[in-house]
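**Student:** The structure file final_39.cif (mmCIF, C-alpha atoms) is provided below.
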```
data_run
#
loop_
_atom_site.group_PDB
_atom_site.id
_atom_site.type_symbol
_atom_site.label_atom_id
_atom_site.label_comp_id
_atom_site.auth_asym_id
_atom_site.auth_seq_id
_atom_site.Cartn_x
_atom_site.Cartn_y
_atom_site.Cartn_z
ATOM 1 C CA MET A 496 114.306 65.931 60.840
ATOM 2 C CA THR A 497 113.869 68.689 58.253
ATOM 3 C CA TYR A 498 116.170 66.924 55.824
ATOM 4 C CA PHE A 499 114.240 63.681 56.318
ATOM 5 C CA ILE A 500 110.881 65.373 55.561
ATOM 6 C CA LEU A 501 112.343 67.199 52.549
ATOM 7 C CA ARG A 502 113.835 63.988 51.160
ATOM 8 C CA ARG A 503 110.564 62.099 51.608
ATOM 9 C CA THR A 504 108.579 64.954 50.027
ATOM 10 C CA ILE A 505 110.811 65.049 46.960
ATOM 11 C CA GLY A 506 110.514 61.270 46.653
ATOM 12 C CA PHE A 507 106.728 61.529 47.025
ATOM 13 C CA ILE A 508 106.432 64.126 44.246
ATOM 14 C CA GLY A 509 108.794 62.197 41.991
ATOM 15 C CA THR A 510 106.861 58.969 42.511
ATOM 16 C CA LEU A 511 103.564 60.672 41.654
ATOM 17 C CA PHE A 512 105.125 62.112 38.492
ATOM 18 C CA ALA A 513 106.455 58.702 37.432
ATOM 19 C CA VAL A 514 103.088 57.082 38.189
ATOM 20 C CA SER A 515 101.283 59.676 36.062
ATOM 21 C CA ILE A 516 103.534 58.880 33.074
ATOM 22 C CA VAL A 517 102.969 55.132 33.466
ATOM 23 C CA VAL A 518 99.207 55.518 33.858
ATOM 24 C CA PHE A 519 98.903 57.810 30.835
ATOM 25 C CA ALA A 520 101.126 55.595 28.697
ATOM 26 C CA VAL A 521 99.251 52.402 29.568
ATOM 27 C CA MET A 522 95.833 53.975 29.036
ATOM 28 C CA ASN A 523 96.833 55.288 25.607
ATOM 29 C CA ILE A 524 98.346 52.076 24.229
ATOM 30 C CA LEU A 525 95.387 49.862 25.111
ATOM 31 C CA PRO A 526 93.652 48.374 22.062
ATOM 32 C CA GLY A 527 90.308 49.809 21.014
ATOM 33 C CA ASP A 528 88.927 53.030 19.617
ATOM 34 C CA PRO A 529 86.969 55.256 22.033
ATOM 35 C CA ALA A 530 85.213 56.934 19.110
ATOM 36 C CA MET A 531 83.999 53.591 17.799
ATOM 37 C CA SER A 532 82.905 52.564 21.297
ATOM 38 C CA ILE A 533 80.750 55.695 21.515
ATOM 39 C CA LEU A 534 79.282 55.701 18.003
ATOM 40 C CA GLY A 535 79.125 51.945 17.427
ATOM 41 C CA LEU A 536 80.394 49.643 14.697
ATOM 42 C CA GLU A 537 77.992 51.078 12.110
ATOM 43 C CA ALA A 538 79.435 54.612 12.308
ATOM 44 C CA THR A 539 80.916 56.101 9.166
ATOM 45 C CA GLU A 540 84.597 56.935 8.898
ATOM 46 C CA ASP A 541 83.793 60.644 8.634
ATOM 47 C CA ALA A 542 81.780 60.550 11.845
ATOM 48 C CA LEU A 543 84.557 58.660 13.626
ATOM 49 C CA ALA A 544 87.183 61.137 12.411
ATOM 50 C CA ALA A 545 85.063 64.095 13.534
ATOM 51 C CA LEU A 546 84.537 62.586 16.984
ATOM 52 C CA ARG A 547 88.243 61.777 17.381
ATOM 53 C CA GLU A 548 89.005 65.400 16.574
ATOM 54 C CA ASP A 549 86.387 66.587 19.060
ATOM 55 C CA LEU A 550 87.801 64.347 21.786
ATOM 56 C CA GLY A 551 91.368 65.466 21.094
ATOM 57 C CA LEU A 552 92.536 61.967 20.179
ATOM 58 C CA ASN A 553 94.363 63.165 17.056
ATOM 59 C CA ALA A 554 96.878 65.271 18.989
ATOM 60 C CA PRO A 555 100.373 63.853 19.635
ATOM 61 C CA VAL A 556 100.695 61.766 22.780
ATOM 62 C CA HIS A 557 103.104 64.139 24.542
ATOM 63 C CA ILE A 558 100.776 67.089 23.922
ATOM 64 C CA ARG A 559 97.845 65.151 25.352
ATOM 65 C CA TYR A 560 99.910 64.187 28.410
ATOM 66 C CA VAL A 561 100.921 67.782 29.130
ATOM 67 C CA GLU A 562 97.310 68.951 28.762
ATOM 68 C CA TRP A 563 96.078 66.132 31.019
ATOM 69 C CA ILE A 564 98.641 66.594 33.801
ATOM 70 C CA THR A 565 98.304 70.389 33.872
ATOM 71 C CA GLY A 566 94.538 70.044 34.040
ATOM 72 C CA ALA A 567 94.824 67.457 36.810
ATOM 73 C CA PHE A 568 96.663 69.969 39.002
ATOM 74 C CA VAL A 569 93.515 72.122 39.068
ATOM 75 C CA GLY A 570 91.086 69.200 39.281
ATOM 76 C CA ASP A 571 90.235 69.096 35.570
ATOM 77 C CA PHE A 572 90.501 65.544 34.227
ATOM 78 C CA GLY A 573 88.620 66.242 31.033
ATOM 79 C CA THR A 574 85.123 65.220 29.991
ATOM 80 C CA SER A 575 83.750 61.705 30.258
ATOM 81 C CA HIS A 576 83.149 60.127 26.847
ATOM 82 C CA SER A 577 80.225 58.085 28.176
ATOM 83 C CA PHE A 578 78.437 60.496 30.502
ATOM 84 C CA ARG A 579 79.407 63.721 28.688
ATOM 85 C CA VAL A 580 80.062 65.517 31.979
ATOM 86 C CA PRO A 581 83.358 66.551 33.621
ATOM 87 C CA VAL A 582 85.224 63.566 35.074
ATOM 88 C CA SER A 583 85.914 65.515 38.278
ATOM 89 C CA GLU A 584 82.153 65.854 38.759
ATOM 90 C CA LEU A 585 81.663 62.086 38.438
ATOM 91 C CA ILE A 586 84.464 61.425 40.914
ATOM 92 C CA GLY A 587 83.141 64.003 43.360
ATOM 93 C CA GLU A 588 79.700 62.404 43.371
ATOM 94 C CA ARG A 589 81.045 58.939 44.224
ATOM 95 C CA LEU A 590 84.202 59.623 46.203
ATOM 96 C CA GLY A 591 82.298 60.009 49.477
ATOM 97 C CA MET A 592 80.877 56.506 49.241
ATOM 98 C CA THR A 593 84.257 54.887 48.591
ATOM 99 C CA LEU A 594 86.070 56.847 51.300
ATOM 100 C CA SER A 595 83.280 56.182 53.822
ATOM 101 C CA LEU A 596 83.536 52.475 53.139
ATOM 102 C CA ALA A 597 87.348 52.479 53.303
ATOM 103 C CA VAL A 598 87.520 54.534 56.521
ATOM 104 C CA ALA A 599 84.847 52.412 58.220
ATOM 105 C CA GLY A 600 86.686 49.263 57.128
ATOM 106 C CA MET A 601 89.977 50.643 58.446
ATOM 107 C CA LEU A 602 88.501 51.564 61.836
ATOM 108 C CA LEU A 603 86.923 48.126 62.221
ATOM 109 C CA THR A 604 90.197 46.527 61.131
ATOM 110 C CA LEU A 605 92.152 48.434 63.782
ATOM 111 C CA VAL A 606 89.730 47.580 66.575
ATOM 112 C CA MET A 607 89.615 43.892 65.703
ATOM 113 C CA ALA A 608 93.286 43.412 64.823
ATOM 114 C CA LEU A 609 94.815 45.262 67.771
ATOM 115 C CA SER A 610 92.480 43.572 70.262
ATOM 116 C CA LEU A 611 93.057 40.089 68.858
ATOM 117 C CA GLY A 612 96.793 40.597 68.356
ATOM 118 C CA ILE A 613 97.371 41.794 71.925
ATOM 119 C CA PHE A 614 95.080 39.055 73.255
ATOM 120 C CA ALA A 615 97.055 36.386 71.381
ATOM 121 C CA ALA A 616 100.409 37.804 72.541
ATOM 122 C CA SER A 617 99.268 37.826 76.183
ATOM 123 C CA ARG A 618 98.331 34.141 75.884
ATOM 124 C CA HIS A 619 101.366 33.019 73.934
ATOM 125 C CA ARG A 620 101.387 29.246 73.194
ATOM 126 C CA ARG A 621 98.023 28.772 74.889
ATOM 127 C CA ILE A 622 94.615 27.998 73.461
ATOM 128 C CA GLY A 623 93.708 31.673 73.038
ATOM 129 C CA ASP A 624 96.823 32.282 70.942
ATOM 130 C CA TRP A 625 96.214 29.186 68.821
ATOM 131 C CA GLY A 626 92.574 30.159 68.271
ATOM 132 C CA VAL A 627 93.455 33.668 67.067
ATOM 133 C CA MET A 628 96.169 32.348 64.768
ATOM 134 C CA PHE A 629 93.804 29.757 63.277
ATOM 135 C CA LEU A 630 91.083 32.341 62.645
ATOM 136 C CA SER A 631 93.548 34.818 61.171
ATOM 137 C CA GLN A 632 94.966 32.195 58.822
ATOM 138 C CA LEU A 633 91.436 31.346 57.742
ATOM 139 C CA GLY A 634 90.700 35.033 57.139
ATOM 140 C CA ILE A 635 93.808 35.427 54.997
ATOM 141 C CA ALA A 636 92.896 32.375 52.898
ATOM 142 C CA VAL A 637 89.328 33.501 52.107
ATOM 143 C CA PRO A 638 89.012 35.919 49.134
ATOM 144 C CA ALA A 639 87.101 39.121 49.922
ATOM 145 C CA PHE A 640 84.554 38.659 47.131
ATOM 146 C CA TRP A 641 83.723 35.105 48.239
ATOM 147 C CA LEU A 642 83.443 36.231 51.856
ATOM 148 C CA SER A 643 81.060 38.972 50.680
ATOM 149 C CA ILE A 644 78.820 36.393 49.012
ATOM 150 C CA LEU A 645 78.820 34.232 52.155
ATOM 151 C CA LEU A 646 77.868 37.224 54.303
ATOM 152 C CA VAL A 647 75.007 38.089 51.958
ATOM 153 C CA LEU A 648 73.727 34.509 51.980
ATOM 154 C CA LEU A 649 73.836 34.326 55.779
ATOM 155 C CA PHE A 650 72.778 37.766 57.021
ATOM 156 C CA ALA A 651 70.652 38.990 54.099
ATOM 157 C CA VAL A 652 69.101 35.903 52.503
ATOM 158 C CA LYS A 653 68.807 33.457 55.411
ATOM 159 C CA LEU A 654 68.541 35.650 58.523
ATOM 160 C CA ARG A 655 67.180 38.763 56.746
ATOM 161 C CA TRP A 656 68.893 41.060 59.233
ATOM 162 C CA LEU A 657 70.589 43.314 56.683
ATOM 163 C CA PRO A 658 69.974 44.372 53.056
ATOM 164 C CA PRO A 659 71.839 42.304 50.432
ATOM 165 C CA GLY A 660 73.034 45.344 48.506
ATOM 166 C CA GLY A 661 72.264 48.773 47.160
ATOM 167 C CA PHE A 662 72.419 52.119 48.917
ATOM 168 C CA ALA A 663 69.371 54.159 49.882
ATOM 169 C CA GLY A 664 71.295 57.403 50.384
ATOM 170 C CA TRP A 665 72.141 59.464 53.462
ATOM 171 C CA SER A 666 68.629 60.954 53.619
ATOM 172 C CA ASP A 667 67.834 57.925 55.780
ATOM 173 C CA PRO A 668 70.953 57.517 57.979
ATOM 174 C CA VAL A 669 69.768 54.274 59.599
ATOM 175 C CA ALA A 670 69.126 52.587 56.247
ATOM 176 C CA ALA A 671 72.429 53.927 54.896
ATOM 177 C CA ILE A 672 74.423 52.536 57.827
ATOM 178 C CA ARG A 673 72.640 49.168 57.594
ATOM 179 C CA SER A 674 73.516 48.915 53.897
ATOM 180 C CA LEU A 675 77.209 49.559 54.671
ATOM 181 C CA ILE A 676 77.574 47.004 57.477
ATOM 182 C CA LEU A 677 78.129 43.920 55.320
ATOM 183 C CA PRO A 678 80.563 45.621 52.885
ATOM 184 C CA THR A 679 82.525 47.053 55.808
ATOM 185 C CA VAL A 680 82.771 43.674 57.519
ATOM 186 C CA ALA A 681 83.800 42.000 54.257
ATOM 187 C CA LEU A 682 86.617 44.529 53.834
ATOM 188 C CA ALA A 683 87.749 44.439 57.453
ATOM 189 C CA LEU A 684 87.828 40.696 58.129
ATOM 190 C CA VAL A 685 90.530 39.923 55.588
ATOM 191 C CA GLN A 686 92.690 42.929 56.475
ATOM 192 C CA SER A 687 92.320 42.439 60.245
ATOM 193 C CA SER A 688 93.564 38.862 59.862
ATOM 194 C CA VAL A 689 96.869 40.125 58.470
ATOM 195 C CA LEU A 690 97.199 42.965 60.974
ATOM 196 C CA ALA A 691 96.383 40.729 63.952
ATOM 197 C CA ARG A 692 99.319 38.442 63.119
ATOM 198 C CA VAL A 693 101.673 41.416 62.729
ATOM 199 C CA THR A 694 100.443 42.907 66.023
ATOM 200 C CA ARG A 695 100.989 39.609 67.823
ATOM 201 C CA SER A 696 104.528 39.175 66.483
ATOM 202 C CA SER A 697 105.516 42.760 67.236
ATOM 203 C CA ALA A 698 103.986 42.633 70.735
ATOM 204 C CA LEU A 699 105.799 39.375 71.550
ATOM 205 C CA GLU A 700 109.101 40.932 70.549
ATOM 206 C CA VAL A 701 108.510 43.923 72.834
ATOM 207 C CA MET A 702 107.349 41.691 75.696
ATOM 208 C CA ARG A 703 110.793 40.069 75.706
ATOM 209 C CA GLN A 704 112.524 43.415 76.314
ATOM 210 C CA ASP A 705 114.024 44.326 79.697
ATOM 211 C CA PHE A 706 111.702 47.291 80.355
ATOM 212 C CA THR A 707 108.659 45.006 80.030
ATOM 213 C CA ARG A 708 110.064 42.563 82.579
ATOM 214 C CA THR A 709 110.852 45.511 84.845
ATOM 215 C CA ALA A 710 107.265 46.790 84.571
ATOM 216 C CA ARG A 711 105.972 43.327 85.406
ATOM 217 C CA ALA A 712 108.316 43.055 88.402
ATOM 218 C CA SER A 713 107.120 46.470 89.613
ATOM 219 C CA GLY A 714 103.644 45.055 90.114
ATOM 220 C CA LEU A 715 101.848 46.714 87.188
ATOM 221 C CA SER A 716 98.751 44.932 85.959
ATOM 222 C CA GLN A 717 98.909 42.834 82.791
ATOM 223 C CA ARG A 718 96.381 45.097 81.070
ATOM 224 C CA ARG A 719 98.401 48.240 81.840
ATOM 225 C CA ILE A 720 101.641 46.635 80.665
ATOM 226 C CA LEU A 721 100.094 45.495 77.382
ATOM 227 C CA TRP A 722 98.250 48.680 76.447
ATOM 228 C CA ARG A 723 100.505 51.352 77.978
ATOM 229 C CA HIS A 724 103.960 49.875 77.445
ATOM 230 C CA VAL A 725 103.906 47.008 74.928
ATOM 231 C CA LEU A 726 101.573 48.354 72.233
ATOM 232 C CA PRO A 727 103.125 51.871 71.925
ATOM 233 C CA ASN A 728 106.569 50.326 71.469
ATOM 234 C CA ALA A 729 105.274 47.817 68.913
ATOM 235 C CA LEU A 730 103.667 50.414 66.651
ATOM 236 C CA VAL A 731 106.376 50.844 63.985
ATOM 237 C CA PRO A 732 105.709 47.577 62.081
ATOM 238 C CA ILE A 733 101.983 47.915 62.816
ATOM 239 C CA VAL A 734 101.809 51.402 61.288
ATOM 240 C CA THR A 735 103.697 50.149 58.234
ATOM 241 C CA ILE A 736 101.040 47.504 57.623
ATOM 242 C CA VAL A 737 98.189 49.928 58.407
ATOM 243 C CA GLY A 738 99.436 52.336 55.747
ATOM 244 C CA MET A 739 99.539 49.616 53.121
ATOM 245 C CA GLN A 740 96.207 48.225 54.271
ATOM 246 C CA PHE A 741 94.397 51.551 53.954
ATOM 247 C CA ALA A 742 95.558 51.746 50.345
ATOM 248 C CA ALA A 743 94.437 48.131 49.888
ATOM 249 C CA LEU A 744 91.055 48.936 51.437
ATOM 250 C CA VAL A 745 90.484 51.840 49.051
ATOM 251 C CA THR A 746 91.385 49.756 46.011
ATOM 252 C CA GLY A 747 89.548 46.742 47.472
ATOM 253 C CA THR A 748 86.313 48.701 47.384
ATOM 254 C CA ILE A 749 86.354 48.227 43.600
ATOM 255 C CA VAL A 750 85.355 44.582 44.055
ATOM 256 C CA ILE A 751 83.194 45.076 47.153
ATOM 257 C CA GLU A 752 81.142 47.881 45.597
ATOM 258 C CA ASN A 753 80.334 45.696 42.610
ATOM 259 C CA VAL A 754 79.353 42.751 44.813
ATOM 260 C CA PHE A 755 77.037 44.909 46.949
ATOM 261 C CA TYR A 756 75.973 47.242 44.111
ATOM 262 C CA LEU A 757 77.169 50.422 45.822
ATOM 263 C CA PRO A 758 77.437 53.692 43.840
ATOM 264 C CA GLY A 759 81.118 54.380 44.499
ATOM 265 C CA LEU A 760 84.281 54.722 42.476
ATOM 266 C CA GLY A 761 84.535 50.946 42.135
ATOM 267 C CA ARG A 762 81.349 50.685 40.095
ATOM 268 C CA LEU A 763 82.298 53.809 38.159
ATOM 269 C CA ILE A 764 85.624 52.371 37.032
ATOM 270 C CA PHE A 765 83.972 49.105 35.929
ATOM 271 C CA GLN A 766 81.369 51.041 33.914
ATOM 272 C CA SER A 767 84.064 53.251 32.393
ATOM 273 C CA ILE A 768 86.210 50.281 31.377
ATOM 274 C CA SER A 769 83.207 48.620 29.738
ATOM 275 C CA ASN A 770 82.412 51.814 27.816
ATOM 276 C CA ARG A 771 86.075 52.446 26.887
ATOM 277 C CA ASP A 772 85.737 55.820 28.640
ATOM 278 C CA LEU A 773 89.424 56.701 28.549
ATOM 279 C CA PRO A 774 89.420 60.009 30.510
ATOM 280 C CA THR A 775 87.406 58.529 33.383
ATOM 281 C CA VAL A 776 89.455 55.323 33.624
ATOM 282 C CA GLN A 777 92.671 57.328 33.411
ATOM 283 C CA ALA A 778 91.614 59.690 36.205
ATOM 284 C CA LEU A 779 90.405 56.875 38.470
ATOM 285 C CA VAL A 780 93.541 54.766 38.037
ATOM 286 C CA MET A 781 95.652 57.836 38.797
ATOM 287 C CA LEU A 782 93.500 58.603 41.847
ATOM 288 C CA PHE A 783 93.870 55.096 43.261
ATOM 289 C CA ALA A 784 97.615 55.159 42.581
ATOM 290 C CA ALA A 785 97.917 58.557 44.283
ATOM 291 C CA ILE A 786 96.105 57.220 47.353
ATOM 292 C CA VAL A 787 98.579 54.322 47.602
ATOM 293 C CA VAL A 788 101.600 56.620 47.231
ATOM 294 C CA THR A 789 100.176 59.152 49.701
ATOM 295 C CA ALA A 790 99.464 56.451 52.287
ATOM 296 C CA ASN A 791 103.070 55.282 52.137
ATOM 297 C CA PHE A 792 104.308 58.887 52.362
ATOM 298 C CA ILE A 793 102.241 59.494 55.516
ATOM 299 C CA VAL A 794 103.563 56.265 57.039
ATOM 300 C CA ASP A 795 107.141 57.452 56.432
ATOM 301 C CA LEU A 796 106.388 60.695 58.289
ATOM 302 C CA LEU A 797 104.696 58.879 61.163
ATOM 303 C CA TYR A 798 107.755 56.744 61.876
ATOM 304 C CA VAL A 799 109.670 59.561 63.570
ATOM 305 C CA VAL A 800 106.566 60.631 65.484
ATOM 306 C CA ILE A 801 105.937 57.156 66.862
ATOM 307 C CA ASP A 802 109.573 56.359 67.655
ATOM 308 C CA PRO A 803 111.757 59.479 68.242
ATOM 309 C CA ARG A 804 114.832 57.238 68.278
ATOM 310 C CA LEU A 805 114.524 56.983 64.497
ATOM 311 C CA LYS A 806 115.295 60.717 64.130
ATOM 312 C CA ALA A 807 118.953 60.060 64.793
ATOM 313 C CA ARG A 808 119.101 57.491 61.997
ATOM 314 C CA GLN A 809 117.676 59.728 59.290
#
```
With the file now loaded, output its structure as structure tokens.

**Tutor:**
Amino acid sequence: MTYFILRRTIGFIGTLFAVSIVVFAVMNILPGDPAMSILGLEATEDALAALREDLGLNAPVHIRYVEWITGAFVGDFGTSHSFRVPVSELIGERLGMTLSLAVAGMLLTLVMALSLGIFAASRHRRIGDWGVMFLSQLGIAVPAFWLSILLVLLFAVKLRWLPPGGFAGWSDPVAAIRSLILPTVALALVQSSVLARVTRSSALEVMRQDFTRTARASGLSQRRILWRHVLPNALVPIVTIVGMQFAALVTGTIVIENVFYLPGLGRLIFQSISNRDLPTVQALVMLFAAIVVTANFIVDLLYVVIDPRLKARQ
């Protein structure tokens, strides 16, 4: 067990280090001049040279990488070229919105997917199973941004039940929650479609095992068998997908936040790309990549907690 955790931790750290090199390299070979983006096309060469020196763009690439990665360890990602404030301050202001949206989307995904997946498995090859599979296939086929537009047209424009976009702030909790309902649903519907199919397949496999037939022969109710015996033993593939889906939900907020005009990291990265704000884009890409790597690392650790039999195989 200790060796397994140590091996996974070393792999986690090594992956983050490799990701940081790739992110820094890609960000620094992109075409364009940040100094020219800030000062404009009419700027003189002397002004551009002075600004490049002020921004540290004249230093060798390896020196800039070392300075960036050492600063990142203490939460210092440099200063935004566009906003002229520390990048960590910009991220801190908007991180709560993105994480709130991702966590709410993940919770809704779990509730919907596990319920529908178990329901479909319990009605295998019947109309309930076919209905869930049809809806899940439809959910997978619909892009999240197009689904967001449809939700706005229906619930905001036609029915006027919910606001079409924007965020009033947490000073009014009711208004804040109402403004997050449509983005959360848009995130969760697509992801729950995938997870529902995985849950159904995994549950069906467990339902064919001898211990499930024994529980059924012992007179246990169908509900108890499904939720107390089938689902816990079907969690390994489900947790694998959940880990990947949480990372997908966090990165998926980039599109959703721009559709619903929410002040999160998604809008910030779009603004930073448009302004050629290299430090901010670099920090945000690294942050999203770190979330993906961390989610997979946590999933690896959860395997042996969910299924103790896996300890012997590590």

**Student:** Which residues, written as a ChimeraX atom specification, have at least one atom at most 9 Å from stretch 613-618 of chain A, with only C-alpha atoms counted and residues fewer than 2 positions away on the same chain left out?

**Tutor:** /A:608-611,620-628,691-692,694-699,702,717,721-722,725-726

**Student:** Using atom CA of A:Val799 and atom CA of A:Pro727 as the two end points, give the distance in Å to one decimal.

**Tutor:**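 A separation of 13.1 Å between them.
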
**Student:** For atom CA of A:Ile736 and atom CA of A:Leu763, quote the distance in Å rounded to one decimal.

**Tutor:** 27.7 Å

**Student:** If you apply the PyMOL selection byres ((chain A and resi 668-685) around 8) to this file, what residues do you get, as a PyMOL selection string?

**Tutor:** chain A and resi 596-597+599-601+603-604+634-635+637-640+642-643+646-647+657-667+686-689+744+747-748+751-752+755

**Student:** As a check of understanding, name the residues that the PyMOL selection byres ((chain A and resi 733) around 8) selects in the supplied structure, as a PyMOL selection string.

**Tutor:** chain A and resi 690+693-694+697+729-732+734-737

**Student:** Write out as lines of an AutoDock Vina configuration file an axis-aligned box for stretch 579-585 of chain A: all of its atoms listed in the file, 3 Å added on each side, centre and edge lengths in Å with one decimal.

**Tutor:**
```
center_x = 82.7
center_y = 64.3
center_z = 33.7
size_x = 12.5
size_y = 10.5
size_z = 16.1
```

**Student:** One decimal, in Å: what's the spacing between atom CA of A:Gly570 and atom CA of A:Arg547?

**Tutor:**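 Spanning atom CA of A:Gly570 to atom CA of A:Arg547 is a straight-line distance of 23.3 Å.
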
**Student:** Please evaluate the PyMOL selection byres ((chain A and resi 581-591) around 9) against the displayed coordinates and give the resulting residues as a VMD selection string.

**Tutor:** chain A and resid 570 to 575 578 to 580 592 to 596 758 to 761 763 774 to 775 778 to 779
